[in-house]
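Peer 1: Next up is a structure, given as C-alpha cells.
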Amino acid sequence: MEPRTFTVAYAPHVHDGSSANRIMWTVFLTLLPAAAVAVYAFGLDALRVLALSTALCVGMEALALVMMKRDPRASLDGSAALTGFLLGLTLPAGLSNGILVVGAFVAIIVAKQVFGGLGHNPFNPALTSRVFLLIAFPKQLTTWPVPRGLQDIQEFMGLAVTRTNDAVTSATPLAAIKEHAQRAMPNIQLNDLFFGVHTPGSIGEISALALLVGAAFLLYKRIITWHIPVATLLTVAVFGALTHLVNPAKYADPFFHLFAGGLFIGAFFMATDFVTAPVWPMGKIIYGVGIGLLTMLIRLWGGYPEGISFAILLMNAVTPLLDRYTVPTPFGLRTAPKKTGGES
Amino acid sequence: MTTHANPFPGGIHPAYRKDLTSGCEAVSMPVPKILVIPLSQHLGAPAKVLVKKGDLVKAGQLIAEPGGFISAAVHASSSGKVTAIGPVELPNGSMGEAVTIETDGAHEWERMEPIQNPFAADPKVLVERVKAAGIVGMGGATFPTHVKLTPPADSPVDWVMLNGAECEPYLTADHRVMLERADRIALGVKLIRHIMGVSKVSIGIEGNKADAIEAMKKAAGELAEVVELPVKYPQGSEKQLIYAITGRRVPPKKLPSVVGVTVFNVATVAAIADAVIEGTPLVERVVTVTGSGVNKPGNFLVPVGTRVMDLMEFAGGYRDEAAQLILGGPMMGRAAASDNVPIIKGVGGVLVLTAADMKNTDFGVCIRCGRCLRACPNAQNPMLLGQLIEKGLYSRIEEEKLREIVLDDCFECGSCTFVCPNRRPLVQFFQMAKGYYRSQQKRKG
C-alpha cells in the first residue's frame, strides 16, 4: 500500500452543528407570536413598521459593510434583522417611515458598526435607537394607536381619547396609572395585559402571553438562561408588592407591573442580548436585579411612565464590570484539596 | 459494588458513534514487514538507543533505555533487522528519532523472566519491572507508569483509580480491553495494591458500557469498587474523573497525588500484569479503527511501531471518500498529514472521516453567547482568553491573571470549541498562547 495524504485540521474534529446565524434567526422566530398578536391588534400598520424596520436595518448593515470594504452578504447573518425586528417591536404602530429610517441609522450605524460591529457594541442597538427616537421625537413615540374596535373600553376607562388623522390613540396602561393613579386602576384588567389584544402600547409589548411562548422556546433551546429574566421579573414583583403594600391607592399591584409595558419583551429578549449582557450566572443575576430596580424607580418616580429601556441601557454600561467581578472560582480551586480520604 | 458519581461542571454530549466498533472483538494483526518504533513515545526525555543499523533484534528485546527519571524504555515489537535509525514523522506531527526494523516473520521472543510469586516480592522489584517493560499511560497522556507508582513522600496516595471512562467519541479500545482482559486487569489491580500499599481502588466506567461494568465487577470482586460514571465528555479527564469518584478537586497545575490519588488507564493496568507475570514488555496495544472513511470499522491488537498504512491495509482499507485521518479520538486526536506514521503506545484510535463529516473551519467573531463558559469542565473563561489571544494581547492575559490559573490549567479537551456557534478555534488559540509563553521562557533562559 502506498502512503496516502490527508487534510489536516485542528482538534476537535467534530462540532455540535450550532451556528450564530441559526441562533439569531431562532430568536427572530420566537418573536413572531408577539408580532402576530400585534398585527391582529393594530392591523397592517404594525406589519409595515416591523417589516420596514427590519429591512432598513439589514440595508444599513449592508451599507456599512460596503463602506468598510467587507462582504455585504454578512448583513444577512440575522443579527441586523433581529435588531430591526426588535426595534420595530418597541415602537408604536403608525410611526412614520421617515422616523423608521432614522431609527435604523441610529441602531446599526451609530450603536453597532461605529463600535466595531457584531460582538463589539457596548449598548443594545435596538434599545439605543428606541431611546434616541423617544428623546428626538417625543410626540410621535408616545402616540399609541388603540387596538381596533376598542374605543368603547377606552371611554369606559374614562381616559382621554384623541383623534389624530383617522387613528384613535390613547395612553398606555402605565401612562394611565402615572397620570390618574386612583381613577385608572380599577379599569385595567390583568387579562387584557396578559393576552394583549385590547391594550395600547408598543407593537411587541402588548401580549405577555405571546412573549412568554417565545421566551419558553429560547429557554428550552438554552439560547438564553433563566438568570436575567427571572432576576428582573422577581425584582419588579417584589418592589411592586412592597410599594403596593405601603400605599395601595397610589401604587399599582405587582401583577400590574409585571404584565404592563415592555417588561416581558425587555426581560426576555432585550436584557438577554448576548453581546451587551454579562456572561456569568452571578453577574446575570445582579444585572437582572439592577434592571428591575431601575425600571421600577423610573416607573414610580421618574419622568417617564415606562423605564425598562433606560434600565437595560444603564445596566449595559455595568456589564464589563460584572463580567470582571463575578468570575466563578475555577473548578480545581473550589474547595481546599483534602489530604487524606475518609469519605466514600 | 457500584456507587454514584459527582458530576463535574460543564461538559458536552457529542454523538458517541461507539456502536460502530463496540461489538468488535480485538483482532490480532500479523506483524507487518516494516516496524517504525519511535524513541519518544512518552512524556519526558526520549529513550537512548541501544542498537545500531544492521543489528538483529528479537520480539520484546530492549532497543532503547530510559533517558532519565521521567522517561520510558522502548522494545522491539517483533524479530528482525534494524535497517535505519533516524528522524521520522510522529503521530503528533513532529519529527522524532525512530528505530526502523525489517521484520523476519519468525516473531521470535526474548521475554524478561516472569516474577514468581509477585505478592511476596519487594514492591521496588515490581516497579523496576514496570520500568523495564517500558509501560506508559495508554490513555493518551503516555506518562511513564513507574513514576506514578512511586509518588513523592510528601503526598502519600490512599486511593488508586482505574480510568475506563473512554469518553472520546468513536473509541472502543479500552472498552474491549475491559471485556476481553477483565481478569488481567484485576490481577494488575492486585499488583498495584501490593506495590503502592493502597487498599482503596475504584474503577470508573461510563454508563454507556454496561457490559464492561458487569465484566469488571465480576473480575474485580472485592479488589476494587466499580463506579458507573455519567456519560459526559470529558469524564475521562484525570481531574474530572477524580472528582467524580472521590469528590476531591485537584488544584490547577498540580498532580493528582496532592489529593492522595493516582489514576491508571485500564489498558495500562493490564500491561503491568503482563510485564510482571509473563515478562512481556509493552509492545502491542488495542487500536480502534473507525469512522465513515473506513471500509470495516473494528478493533485490532497492533504491534507498536506498525505504520497506519499497514494497519489500514489489514483492517480493510479506506473508502474512496476518506479525507481526514485522526490519530486518537475526534475531540483531542491529531489530524495526520499522511498515513506513513507509526502507531505508538499512546494511540488508541485511528479515525478516518469523509469530507462530509469534516467540520467547516471558517470562524467568526465572539458573540458572547456564553456556551463555551457553560461547556468548560474546569469552569474557566475560554471566551475572554480566546478574544485576548486572537488580538495578541499577551500582556493583558498576564495582567488579568488568566495565564497561571486559566491557560495553564486548560487540558485542551475541546468542549468550548465543540459548542462555539461561530466555530472559533479556541483550543488552537490556547495552544498558540502556550507556545508563545514557552518561547518567551526559553528566551529568558
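By order in the C-alpha cells, chains are A, B, ...; within a chain, residues start at 1; ligands start at 1, following the order shown.
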Starting from chain A, keep only residues with some atom at most 7 Å from an atom of chain B, counting only C-alpha atoms, and report them as a PyMOL selection string.
Peer 2: chain A and resi 1+3-16+18-20+118-119+274-275+279+330-333+337-340+344
Peer 1: Identify, with DSSP run on backbone atoms, the residues in segment 214-420 of chain B assigned to alpha helix (DSSP H), and express the list as a PyMOL selection string.
Peer 2: chain B and resi 214-220+238-246+266-273+308-315+371-375+382-390+394-399+415-419
Peer 1: Could you please write out, as a ChimeraX atom specification, every residue of segment 146-302 of chain B that DSSP assigns to strand (DSSP E)?
Peer 2: /B:159-164,200-206,225-229,261-265,284-290,298-302
Peer 1: Excluding Glu398 of chain B and its own-chain neighbours fewer than 5 positions away, which residues fall within 12 Å of it when counting only C-alpha atoms? Please give them as a VMD selection string.
Peer 2: chain B and resid 385 388 to 389 393 403 to 408 433 437
Peer 1: Identify, on the basis of only C-alpha atoms, every residue whose closest approach to Gly60 of chain B does not exceed 7 Å; exclude the query and any residue fewer than 4 positions from it along the same chain; express the result as an MDAnalysis selection string.
Peer 2: chainID B and resid 75:78 109:111 280:281 283
Peer 1: Do you know which residues are at most 12 Å from Met270 of chain A counting only C-alpha atoms, after dropping those on the same chain fewer than 3 positions away, and could you put them as a PyMOL selection string?
Peer 2: chain A and resi 27+31+82-83+85-87+89-90+123-128+130+204-205+211+215+224+228-229+232+262-267+273-277+288+291+308-313+315-316
Peer 1: With only C-alpha atoms as the basis for distance, which of B:Asp274, B:Asp320, B:Glu284, B:Asp183 is at the shortest distance from Leu126 of chain B?
Peer 2: B:Asp274
Peer 1: Do a neighbour search on segment 29-41 of chain B at 6 Å with only C-alpha atoms, toss out local chain neighbours closer than 2 positions, and write the hits as a PyMOL selection string.
Peer 2: chain B and resi 46-47+97-103+301-302+305-306+342
Peer 1: Between B:Ile85, B:Met161, B:Cys167, B:Ile115, which residue has the minimum interatomic distance to Glu225 of chain B, considering only C-alpha atoms?
Peer 2: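 Comparing B:Ile85, B:Met161, B:Cys167, B:Ile115 against Glu225 of chain B, the winner is B:Met161.
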